[in-house]
Amino acid sequence: MNPLKIVGVALIATLASTAAMADLVFPSLSYRTGAYGANGIPFADGYADYFTLVNERDGGIGGVAAKVIECETGYNTQKGVECYESTKGESPLIYQPLSTGITYQLIPKVTADGIPMHTMGYGRTSAKNGQVFSNVFNYPANYWDGASHAINHILGENGGDIKDKNVALVYHNSAYGKEPIRTLTELSAKHGFKLTEVPVDHPGQEQKSQWLQIRRTRPDYVLMWGWGVMNQVAIQEAVNIGYPMENFIGIWWSGSENDVIPAGPKANGYKALTFHAVGSDFPVFDDIKKHVVDAGKAAGAGDQVGTVLYNRGMYAAMLAVEAAKTAQEIHGTKDINAGQMRDGMEALVMDAAKMESLGMAGFGPEFTVDCKNHGGPGLGAMQQWDAGAGEWKLISDFEASDMDIIQPLIDEDSNAFAEESKIEVRECA
Amino acid sequence: MSPEILYTAEVILNGLMAGVMYALVALGFVLIFKASGIFNYAQGVMALFAAMTLVGIQNGQVPFSHLINAVFGTQLHHFGWHLPAIVAILLTVVVMIIFAILVERLVLKHLVNQEPIILFMATIGLAYFMEGFGDLMWGSEIKVLDVGLPKGASLALEEYTVGWATEGSQYYGMYVDKLDMVAALVAIALVITLSLFSQYTKTGRALRAVADDHQAALSVGISLRKIWVITWCIAGVVAMVAGVMWGSKSGVQFSLSLIALKALPVLILGGFTSIPGAIIGGLIIGVGEKLFEYSIGPMIGGATENWFAYVLALFFLVFRPQGLFGDKIIERV
C-alpha cells in the first residue's frame, strides 16, 4: 500500500477512535447569579471540582474524560428548560437541575428523550417510584423523608410522645416549600401533634408577620422549608424573638453556613437535616486540594471547599461518576450513552467499601437503587450549628424515615401521575 | 387589657416599623424622580452595591480580587485592616458620589431631552450592569454587615408592657425589633435633613426649581447636569442607608436589590414626587399589610403581604391616580 495511504488510514482510524471515545458529558444547570446565586455557587463549584479531580487524578471515568458543560439558569424555570434544550444535543449523560421548579418541567422531557435526571433531595418526591418515573432518580433522600426525619428527631427528644406538642412549618410559598405539607399532615394524624402552616412569599426578605405569629402561638418546634434569603431572615427573626434555636429545624436546603452566619453567635444550636456529612475531614478533600485547588483548576476561588453546599455539589458529582462507572461495567463499554447511564443509576450500589475507596468513608449513607425504588432507603441525619467553632456538627447517624406513612403517599401520587400522563407502569423483576 | 387588643397594637406598631423600612427605599426613588422625572429602576441595586461596598471597605476586602487572582495567579484577598464603621460609611459615601458622577457623565448626559421611557430603560441597563459589576468587585457570597446597630427584641419594652394584659392571660409583652426602632429614627433624621436642605440651601432651592420645571430652571442658569449629579449622590446615600438597615437583617446579598419591589406600592400610594408621601405611603402599606395578614391571612392561607400591598396601592390609585401626595398631572391637548 502506498505509504501516504497508510498514513491516511491511520489518521482516519485515530480520529474515529477519538470520536468513539468522546468525553462523557455532564451538564451542570447551575445558578451563579440572582437571588439564589450565593447558594448556587458553592454547589456548582463542588460539582465541577469533583469531575476535575476524577480527570486529573484518575484520568477520567474508566479512562474517558468527563466534561462539564455549565449553563446558567438563575434558578429560573424557563431558563432551566432553555439550558436543557441547548445542551441536550451534546450527548449528556445526566441532568441535575438543582431546582424543584425546573425538575417538574424536565420530567416529561427527559423521559421522552431517554436521559436520566437526578434530583438529590429535591424535585418531585414520588419520582422515587421507578416503575412510573423511569428516568428520574431522587436518591438518597427526598422531602418526605426529610419531614419524617424531623418528626422522628422530635419524637426522640420527647420519649416518643408528642401528642400535646405544637409544630409550626415555616415554608417558602412555592411548589418546593409545599412539598412536606402532605407528609406532615399524615404524621400529625399518626402522632397527634398539632401542625400549623406558616407560608412566606418569595423571596422572604420581610417575615415580621410570620414571626410575630410564632411569638404569639409559641410552637414547641419550628420546621423550615426555605431557600435563599428566606433562611437568613427566618433565623435572624427567630433569634430576635428569642425562639430556642435547638427547637428550630430546617430542611437540608436551610442548613448551610450562609444561612446561620448572618445571625451571629445567637444562631448557635440551630439544627438542619442532611443526607451527607459535614466538614472537610475526609481524604477526598486532600485530593481536591492537591489535584484541583493547588493546581489552579478549581471552579471557584477554592475557599468554599468543605462548606455544606460545596460538599453537596461534590457528593452529587460523585454519585454521578459512580453511576457512570456502574454503567460502564454493566454494558462493557467505556463510552456510555444516556440510556446506559440510566441503567447504571438503576443498579447503583453505594456501600461502605466503595465510600472508603473514594476517600469518603461515612460521608453519605449506604444505599442501593433498583428498578422499583429510585430513591434509596431515604436515610437522613441531623446537623447542628456550633457558632463558637463556626461549623456544623453531625449530631445523629443516618437514620430511616417512616416508610409506613411515606410509601402509600408515593404510590398514590406516582400512580395519579401515571394515570394523568398516560404512562404505562413498568414491570420490575 | 385583652391580649387580643395588645396583639393588634403590636401588629400595628410593627407594621409602622416595617413601613419605615419600605419608605427608606421609596425615598431614593422619589428624590431622583422629582429632580429628573426618571423612574430609577436601579435604586434597589444601588442599595445592594452601597451595602456591599460598605462591608468590603470595612473588612479590608481587595476589590476585584477574584479577577486579579485569576488573571495574575496571585492570592490577594484582604488588605488586613478592619475599619471602624463610621470611616467605612464615609468612604462608601465617597464611592456613591463617584458613582453618581459616572452615571451622569456616562449615561444621563447622553440622554438629555430623551423620552422618560428611554431614561427608564437606561436605568434598567444600569441595574443589570451594577449587579454584575458589584459581584465582580466584591464577590457574590453573603456578607455579614455589622456597623454596630442593635438587633433583637427590646426587652425594656417587653418588661414594661407585659403587665398590661389581663391577669392570667398568656401575654409576653410588646415586641419591637431594636433595629426597626433605629431605622425609624434614621428615617426621621433623613427626612428632616432633606427637608431643611431643600428649603434653606441654595442647592436645595435649585433642586426644587428643577423638579418644578426643567426649562424654567435652565433659563435662570441652573445647571441641570450639576443638579442631576447632586440628586444621584443623595439617592446613593439614601440607598446606602436602606442597604445598611435591610442588610443588617439578612446579610448583604443579591436579594437586597429586590427590596425595590417593596417600594413600588409605597410610591403608587404616596406619589412619585413627594418625600412625605413616601413616608406616609410606607406607613400605610406597612400597617395595612401586617393587619391584613394578622386578621384575614390565616383564613385564606397566609402569605398575603406581597400581593396585598399592591392591591392596597391600586385601591388608592382608583381615587387618586397621582397618589396621596403626588402632583396632579394636567396636560393640555
# chains A, B, ... in the order shown; residues from 1 in each chain; ligands from 1

call {"tool": "interface_residues", "arguments": {"of": "chain A", "to": "chain B", "cutoff": "6 Å", "atoms": "only C-alpha atoms", "output": "PyMOL selection string"}}
result
chain A and resi 35+38+199-201+232-233+240+262

call {"tool": "write_last_selection", "arguments": {"atoms": "N, CA and C atoms", "output": "CSV table (one decimal), in the first residue's frame"}}
result
chain,number,residue,atom,x,y,z
A,35,ALA,N,-31.0,35.9,42.9
A,35,ALA,CA,-31.3,35.9,44.3
A,35,ALA,C,-30.8,34.7,45.0
A,38,ALA,N,-25.8,32.9,45.7
A,38,ALA,CA,-24.9,32.7,46.9
A,38,ALA,C,-25.0,31.2,47.3
A,199,PRO,N,-46.8,30.2,55.7
A,199,PRO,CA,-46.1,30.4,54.5
A,199,PRO,C,-45.4,31.8,54.4
A,200,VAL,N,-44.3,31.8,53.6
A,200,VAL,CA,-43.5,33.0,53.4
A,200,VAL,C,-43.4,33.2,51.9
A,201,ASP,N,-43.8,34.4,51.4
A,201,ASP,CA,-43.7,34.6,50.0
A,201,ASP,C,-42.2,34.8,49.5
A,232,GLN,N,-31.9,33.1,55.9
A,232,GLN,CA,-31.2,34.1,56.8
A,232,GLN,C,-32.1,34.9,57.6
A,233,VAL,N,-33.2,35.4,56.9
A,233,VAL,CA,-34.1,36.3,57.6
A,233,VAL,C,-34.9,35.5,58.7
A,240,ASN,N,-34.3,37.1,67.1
A,240,ASN,CA,-34.8,38.3,67.6
A,240,ASN,C,-36.0,38.0,68.6
A,262,PRO,N,-25.0,35.1,59.1
A,262,PRO,CA,-25.5,36.5,59.3
A,262,PRO,C,-26.2,36.7,60.7

call {"tool": "select_by_dssp", "arguments": {"residues": "region 13-220 of chain A", "states": "strand (DSSP E or B)", "output": "count of residues only"}}
result
37

call {"tool": "residues_around", "arguments": {"residues": "His291 (chain A)", "least_positions_apart": "2", "cutoff": "7 Å", "atoms": "only C-alpha atoms", "output": "JSON, numbers by chain"}}
result
{"A": [53, 56, 57, 287, 288, 289, 293, 294, 295]}

call {"tool": "residues_around", "arguments": {"residues": "Trp144 (chain A)", "least_positions_apart": "5", "cutoff": "10 Å", "atoms": "only C-alpha atoms", "output": "list of chain:residue names"}}
result
A:Gly121, A:Tyr122, A:Thr125, A:Ser126, A:His149, A:Ala150, A:Glu179, A:Pro180, A:Ile181, A:Arg182, A:Thr183, A:Leu184, A:Gly378, A:Ser401, A:Asp402, A:Met403, A:Ile405, A:Ile406, A:Gln407, A:Leu409, A:Ile410

call {"tool": "closest_residue", "arguments": {"among": "B:Phe79, B:Phe308, B:Trp232, B:Phe325", "to": "Gly281 (chain B)", "atoms": "only C-alpha atoms"}}
result
B:Phe325

call {"tool": "residues_around", "arguments": {"residues": "region 200-205 of chain B", "least_positions_apart": "4", "cutoff": "8 Å", "atoms": "only C-alpha atoms", "output": "number ranges by chain"}}
result
B: 196, 209, 227

call {"tool": "residues_around", "arguments": {"residues": "Leu190 (chain B)", "least_positions_apart": "3", "cutoff": "12 Å", "atoms": "only C-alpha atoms", "output": "list in words"}}
result
Val20, Ala23, Leu24, Leu27, Gly28, Ala183, Ala184, Leu185, Val186, Ala187, Thr193, Leu194, Ser195, Leu196, Phe197, Ile234, Ala235, Val237, Val238, Ala239, Val241, Ala242, Ile275, Pro276 and Ile279 of chain B

call {"tool": "select_by_dssp", "arguments": {"residues": "region 139-242 of chain B", "states": "helix (DSSP H, G or I)", "output": "ChimeraX atom specification"}}
result
/B:155-164,178-200,202-212,214-219,224-242

call {"tool": "atom_distance", "arguments": {"atom1": "CA of Gly269 (chain A)", "atom2": "CA of Gly159 (chain A)"}}
result
20.4 Å

call {"tool": "residues_around", "arguments": {"residues": "Thr217 (chain A)", "least_positions_apart": "6", "cutoff": "12 Å", "atoms": "only C-alpha atoms", "output": "list in words"}}
result
Lys165, Asn166, Val167, Ala168, Lys194, Leu195, Thr196, Val198, Gln210, Trp211 and Tyr243 of chain A; Tyr7, Gln170, Tyr171 and Tyr172 of chain B

call {"tool": "write_last_selection", "arguments": {"atoms": "N, CA and C atoms", "output": "PDB file, in the first residue's frame"}}
result
ATOM      1  N   LYS A 165     -47.845  18.374  71.563  1.00  0.00           N
ATOM      2  CA  LYS A 165     -46.879  19.335  71.008  1.00  0.00           C
ATOM      3  C   LYS A 165     -47.458  20.099  69.819  1.00  0.00           C
ATOM      4  N   ASN A 166     -47.006  21.337  69.701  1.00  0.00           N
ATOM      5  CA  ASN A 166     -47.359  22.155  68.538  1.00  0.00           C
ATOM      6  C   ASN A 166     -46.127  22.286  67.658  1.00  0.00           C
ATOM      7  N   VAL A 167     -46.302  22.007  66.387  1.00  0.00           N
ATOM      8  CA  VAL A 167     -45.192  22.121  65.434  1.00  0.00           C
ATOM      9  C   VAL A 167     -45.616  23.093  64.331  1.00  0.00           C
ATOM     10  N   ALA A 168     -44.807  24.113  64.117  1.00  0.00           N
ATOM     11  CA  ALA A 168     -45.105  25.074  63.042  1.00  0.00           C
ATOM     12  C   ALA A 168     -44.185  24.793  61.867  1.00  0.00           C
ATOM     13  N   LYS A 194     -49.981  18.985  66.829  1.00  0.00           N
ATOM     14  CA  LYS A 194     -50.734  19.979  66.055  1.00  0.00           C
ATOM     15  C   LYS A 194     -49.791  20.664  65.067  1.00  0.00           C
ATOM     16  N   LEU A 195     -50.195  20.680  63.801  1.00  0.00           N
ATOM     17  CA  LEU A 195     -49.356  21.298  62.773  1.00  0.00           C
ATOM     18  C   LEU A 195     -49.938  22.647  62.362  1.00  0.00           C
ATOM     19  N   THR A 196     -49.098  23.672  62.379  1.00  0.00           N
ATOM     20  CA  THR A 196     -49.521  24.998  61.904  1.00  0.00           C
ATOM     21  C   THR A 196     -48.665  25.372  60.706  1.00  0.00           C
ATOM     22  N   VAL A 198     -47.138  28.068  58.155  1.00  0.00           N
ATOM     23  CA  VAL A 198     -46.810  29.495  58.112  1.00  0.00           C
ATOM     24  C   VAL A 198     -46.066  29.789  56.798  1.00  0.00           C
ATOM     25  N   GLN A 210     -44.946  36.652  60.137  1.00  0.00           N
ATOM     26  CA  GLN A 210     -44.828  35.225  60.427  1.00  0.00           C
ATOM     27  C   GLN A 210     -44.208  34.998  61.811  1.00  0.00           C
ATOM     28  N   TRP A 211     -43.202  35.795  62.139  1.00  0.00           N
ATOM     29  CA  TRP A 211     -42.512  35.552  63.411  1.00  0.00           C
ATOM     30  C   TRP A 211     -43.243  36.163  64.587  1.00  0.00           C
ATOM     31  N   TYR A 243     -36.561  32.736  70.143  1.00  0.00           N
ATOM     32  CA  TYR A 243     -37.020  31.353  69.997  1.00  0.00           C
ATOM     33  C   TYR A 243     -35.856  30.397  70.279  1.00  0.00           C
TER      34      TYR A 243
ATOM     35  N   TYR B   7     -52.156  42.373  71.094  1.00  0.00           N
ATOM     36  CA  TYR B   7     -51.534  41.771  69.906  1.00  0.00           C
ATOM     37  C   TYR B   7     -51.805  42.630  68.669  1.00  0.00           C
ATOM     38  N   GLN B 170     -52.153  34.678  78.634  1.00  0.00           N
ATOM     39  CA  GLN B 170     -50.800  34.430  78.126  1.00  0.00           C
ATOM     40  C   GLN B 170     -50.371  35.608  77.272  1.00  0.00           C
ATOM     41  N   TYR B 171     -49.530  36.440  77.829  1.00  0.00           N
ATOM     42  CA  TYR B 171     -49.036  37.591  77.083  1.00  0.00           C
ATOM     43  C   TYR B 171     -47.574  37.791  77.452  1.00  0.00           C
ATOM     44  N   TYR B 172     -46.762  38.043  76.418  1.00  0.00           N
ATOM     45  CA  TYR B 172     -45.313  38.059  76.658  1.00  0.00           C
ATOM     46  C   TYR B 172     -44.712  39.457  76.531  1.00  0.00           C
TER      47      TYR B 172
END

call {"tool": "atom_distance", "arguments": {"atom1": "CA of Ala309 (chain B)", "atom2": "CA of Gly19 (chain B)"}}
result
10.9 Å

call {"tool": "atom_distance", "arguments": {"atom1": "CA of Asn138 (chain A)", "atom2": "CA of Gly156 (chain A)"}}
result
26.4 Å
